[in-house]
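> Before I ask anything, let me first share the structure, which is written out below as structure tokens.
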Amino acid sequence: MHYTGIIYRPPFEADFLLLQVTVGCSHNKCSFCYMYHDRPFSVCPIEQVAEDIEEASRTVPNVKRVFLEHGDAFVLSAERLEKIADLIHEKLPKVETISMYASILNIRNKTDEELLRLKECGINELDIGVESGFDTALTMMNKGYTNEESVTQLLRLKKAGMDFSLNVILGCAGADLWKENAEATADMLNSVQPHLLFIGTLHADKGCQLYYDMQNGIFKECTYGQLLDEQELLIRKLELNDTIYFGSHPSNVVPMEGYLPLHKEEMLDVIQKTRERLHDRLNTYPLRAGEGSILDRK
Ligand code: SF4
């Protein structure tokens, strides 16, 4: 298999085939992200993709799901994605779902008719880093879209019959606006009803713009207490009908998983217990290592 650069994937795609069809991210400008800063965006040659599919047909012939790499593979034209899907189904007949990272901008660039065709060829359960429903936070993170646009595009996916997972970042509006961020993000999630909600917490590794904004005091990060308050408010306001809550990322003050609405009260209880346990540190900041993992949570 040909792989270029570090291959990131959502944790729930760990057991499936990772097939690289692009290199880097076509946006590559989010203030908290430097995952693909080491190389410009490019499209993998179709011959290379076909070779990798051929190889996979020998090594993992029974695979049921394929995750297309890299940062926003859904940026590819509908024609290109259909071509890749055809090659996959031809050589890997047991594949049921073809998933990938997608951005709101990638959806905007496709017609309703194209989205329907992509769903028909097995493309589904896109993983979208929507991050927030709060316009101020979206601007600060340089996401390149407004909340209104993101709701519009996500509802277009829904209309085409596609499920999606949404990534949301706690703390992304900073210490002064955590409440507004939680409320606006809950409203956005309630409007679009994602199949899965992936929760992470803002962290800035050296190299990204946000790291320097934090160092220079331009961006004020949330304390332990504010992160707990934001997570609690978000969960309280959520009115989801049937969503997997995937929040075990090590950057979270309260890592937990469950289903909403089923486990809502249990989750709120865990947050309250964490608040009691950390009562003497609520005004301090989590001590973080790589990928934002918290070192002093205990
Ligand atoms: S967060 Fe996603 S869209 Fe933004 S730069 Fe990173 S990979 Fe690209």
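Residues in the structure tokens are numbered from 1 in each chain, the chains being A, B, ... in the order shown, and ligands are numbered from 1 in the order shown.
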Please identify every polymer residue within 6 Å of ligand 1, using only C-alpha atoms and all ligand atoms, and present the set as a PyMOL selection string.

chain A and resi 25+27-30+33+71

> Output as a PyMOL selection string all residues of segment 55-208 of chain A that backbone DSSP marks as helix (DSSP H, G or I).

chain A and resi 55-59+73-75+78-91+104-108+112-120+135-140+147-159+178-192

> With distances taken over only C-alpha atoms, which residue among A:Glu79, A:Asp205, A:Glu180, A:Glu69 lies nearest Ser293 of chain A?

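Going through A:Glu79, A:Asp205, A:Glu180, A:Glu69 one by one, the smallest distance to Ser293 of chain A is for A:Asp205.
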
> Take atom CA of Glu148 of chain A and atom CA of Asp112 of chain A and report the distance between them in Å, one decimal.

17.7 Å

> So that I can see what lies close to Arg236 of chain A, please list as a ChimeraX atom specification the residues with an atom at most 9 Å from it, counting only C-alpha atoms and leaving out residues fewer than 4 positions away in the same chain.

/A:186,231-232,264-265,268

> Report as a ChimeraX atom specification all protein, DNA and RNA residues lying within 12 Å of Ala85 of chain A, evaluated on only C-alpha atoms, omitting residues in the same chain fewer than 6 positions from it.

/A:19,21,46,49-50,53,65-68,78-79,91-93,95-99,117-124

> Could you save the residues just selected, with C-alpha atoms, as an mmCIF file, in the first residue's frame?


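See again_13.cif below for the written result:
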data_model
loop_
_atom_site.group_PDB
_atom_site.id
_atom_site.type_symbol
_atom_site.label_atom_id
_atom_site.label_comp_id
_atom_site.auth_asym_id
_atom_site.auth_seq_id
_atom_site.Cartn_x
_atom_site.Cartn_y
_atom_site.Cartn_z
ATOM 1 C CA LEU A 19 -6.873 3.735 1.398
ATOM 2 C CA VAL A 21 -6.598 8.934 -2.283
ATOM 3 C CA ILE A 46 -5.767 6.889 -9.900
ATOM 4 C CA VAL A 49 -5.215 3.963 -5.905
ATOM 5 C CA ALA A 50 -6.114 1.057 -8.227
ATOM 6 C CA ILE A 53 -7.123 -1.716 -4.082
ATOM 7 C CA ARG A 65 -15.477 -0.941 5.191
ATOM 8 C CA VAL A 66 -12.911 1.386 3.632
ATOM 9 C CA PHE A 67 -11.764 4.747 4.993
ATOM 10 C CA LEU A 68 -10.367 7.081 2.346
ATOM 11 C CA ALA A 78 -18.076 13.333 -7.383
ATOM 12 C CA GLU A 79 -16.795 11.711 -10.589
ATOM 13 C CA LYS A 91 -12.154 -5.839 -6.276
ATOM 14 C CA LEU A 92 -13.562 -5.902 -2.736
ATOM 15 C CA PRO A 93 -17.169 -7.077 -3.173
ATOM 16 C CA VAL A 95 -17.371 -3.594 1.141
ATOM 17 C CA GLU A 96 -20.608 -2.018 2.389
ATOM 18 C CA THR A 97 -19.458 1.451 3.410
ATOM 19 C CA ILE A 98 -16.833 3.862 2.115
ATOM 20 C CA SER A 99 -16.150 6.609 4.618
ATOM 21 C CA ARG A 117 -25.150 9.355 -6.495
ATOM 22 C CA LEU A 118 -22.321 9.155 -3.945
ATOM 23 C CA LYS A 119 -24.666 7.663 -1.362
ATOM 24 C CA GLU A 120 -25.824 5.119 -3.922
ATOM 25 C CA CYS A 121 -22.259 3.945 -4.487
ATOM 26 C CA GLY A 122 -21.722 3.238 -0.779
ATOM 27 C CA ILE A 123 -20.208 6.514 0.432
ATOM 28 C CA ASN A 124 -21.617 7.195 3.875
#

> Could you tell me how far atom CA of Phe246 of chain A sits from atom CA of Val75 of chain A, in Å to one decimal place?

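We find that atom CA of Val75 of chain A and atom CA of Phe246 of chain A lie 25.1 Å from each other.
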
> Name all residues at most 12 Å from Leu262 of chain A (count only C-alpha atoms; drop same-chain ones fewer than 2 positions away) and give them as JSON, numbers by chain.

{"A": [235, 238, 239, 240, 241, 242, 243, 244, 245, 257, 258, 259, 260, 264, 265, 266, 267, 268]}

> Env of Arg275 of chain A: 10 Å cut, atoms = only C-alpha atoms, seq-sep filter 2 positions within chain, self excluded. Answer as JSON, numbers by chain.

{"A": [224, 225, 228, 229, 253, 254, 269, 270, 271, 272, 273, 277, 278, 279, 280, 281, 282]}

> Please identify all polymer residues within 10 Å of Trp178 of chain A, counting only C-alpha atoms, omitting same-chain residues fewer than 2 positions from it, and present them as a compact mmCIF listing (two decimals) with N, CA, C and O atoms, in the first residue's frame.


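Contents of the output file around-v3.txt:
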# COMPACT_ATOMS: atom_id res chain seq x y z
N PHE A 134 -20.94 27.93 16.98
CA PHE A 134 -20.84 29.33 17.42
C PHE A 134 -19.96 30.10 16.43
O PHE A 134 -18.76 29.79 16.29
N ALA A 137 -16.48 31.39 17.40
CA ALA A 137 -15.47 30.34 17.52
C ALA A 137 -15.04 29.84 16.14
O ALA A 137 -13.85 29.60 15.89
N LEU A 170 -14.62 21.08 22.68
CA LEU A 170 -14.92 21.86 23.89
C LEU A 170 -13.81 22.87 24.11
O LEU A 170 -12.65 22.59 23.86
N GLY A 171 -14.18 24.05 24.58
CA GLY A 171 -13.17 25.06 24.91
C GLY A 171 -12.71 25.88 23.72
O GLY A 171 -11.85 26.75 23.87
N CYS A 172 -13.30 25.66 22.54
CA CYS A 172 -12.74 26.30 21.34
C CYS A 172 -13.08 27.79 21.25
O CYS A 172 -12.51 28.49 20.41
N ALA A 173 -14.01 28.27 22.09
CA ALA A 173 -14.30 29.71 22.07
C ALA A 173 -13.53 30.43 23.18
O ALA A 173 -13.65 31.65 23.32
N GLY A 174 -12.79 29.67 23.98
CA GLY A 174 -11.97 30.27 25.02
C GLY A 174 -12.72 30.51 26.32
O GLY A 174 -13.91 30.21 26.46
N ALA A 175 -11.98 31.10 27.28
CA ALA A 175 -12.46 31.21 28.65
C ALA A 175 -13.66 32.14 28.81
O ALA A 175 -14.47 31.97 29.70
N ASP A 176 -13.77 33.16 27.95
CA ASP A 176 -14.85 34.14 28.14
C ASP A 176 -16.15 33.75 27.45
O ASP A 176 -17.19 34.36 27.72
N GLU A 180 -21.61 30.57 25.61
CA GLU A 180 -22.19 30.82 24.28
C GLU A 180 -21.84 29.68 23.33
O GLU A 180 -22.66 29.25 22.51
N ASN A 181 -20.61 29.18 23.46
CA ASN A 181 -20.19 28.08 22.58
C ASN A 181 -21.03 26.83 22.84
O ASN A 181 -21.49 26.17 21.91
N ALA A 182 -21.22 26.50 24.11
CA ALA A 182 -22.00 25.30 24.45
C ALA A 182 -23.43 25.43 23.93
O ALA A 182 -23.98 24.49 23.34
N GLU A 183 -24.03 26.58 24.13
CA GLU A 183 -25.44 26.75 23.74
C GLU A 183 -25.61 26.69 22.22
O GLU A 183 -26.48 25.99 21.70
N GLU A 221 -7.29 30.23 27.18
CA GLU A 221 -7.88 28.89 27.27
C GLU A 221 -8.75 28.72 28.50
O GLU A 221 -8.67 29.51 29.46
N CYS A 222 -9.57 27.67 28.49
CA CYS A 222 -10.49 27.40 29.61
C CYS A 222 -9.77 26.67 30.74
O CYS A 222 -8.87 25.86 30.50
N GLN A 226 -14.08 25.59 33.87
CA GLN A 226 -14.85 26.07 32.71
C GLN A 226 -15.10 24.93 31.71
O GLN A 226 -16.17 24.85 31.12
N LEU A 227 -14.11 24.05 31.57
CA LEU A 227 -14.31 22.92 30.65
C LEU A 227 -15.41 21.99 31.16
O LEU A 227 -16.24 21.49 30.39
N ASP A 229 -17.90 22.94 33.10
CA ASP A 229 -19.16 23.69 32.96
C ASP A 229 -19.64 23.64 31.50
O ASP A 229 -20.83 23.47 31.23
N GLU A 230 -18.71 23.79 30.57
CA GLU A 230 -19.10 23.78 29.16
C GLU A 230 -19.63 22.41 28.74
O GLU A 230 -20.65 22.30 28.07
N GLN A 231 -18.92 21.37 29.19
CA GLN A 231 -19.37 20.02 28.82
C GLN A 231 -20.74 19.73 29.42
O GLN A 231 -21.62 19.16 28.77
N LEU A 233 -23.10 21.93 30.27
CA LEU A 233 -24.14 22.71 29.60
C LEU A 233 -24.47 22.13 28.22
O LEU A 233 -25.63 22.04 27.83
N LEU A 234 -23.42 21.74 27.50
CA LEU A 234 -23.64 21.15 26.17
C LEU A 234 -24.54 19.91 26.30
O LEU A 234 -25.55 19.79 25.59

> Using only C-alpha atoms, which of the listed residues (A:Leu196, A:Val60, A:Ala73, A:Ile104) sits closest to Gly24 of chain A?

A:Ala73

> Which of these residues is nearest to Asp52 of chain A, using only C-alpha atoms: A:Met1, A:Leu87, A:Leu81, A:Leu138?

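Of the candidates, the smallest distance to Asp52 of chain A is held by A:Met1.
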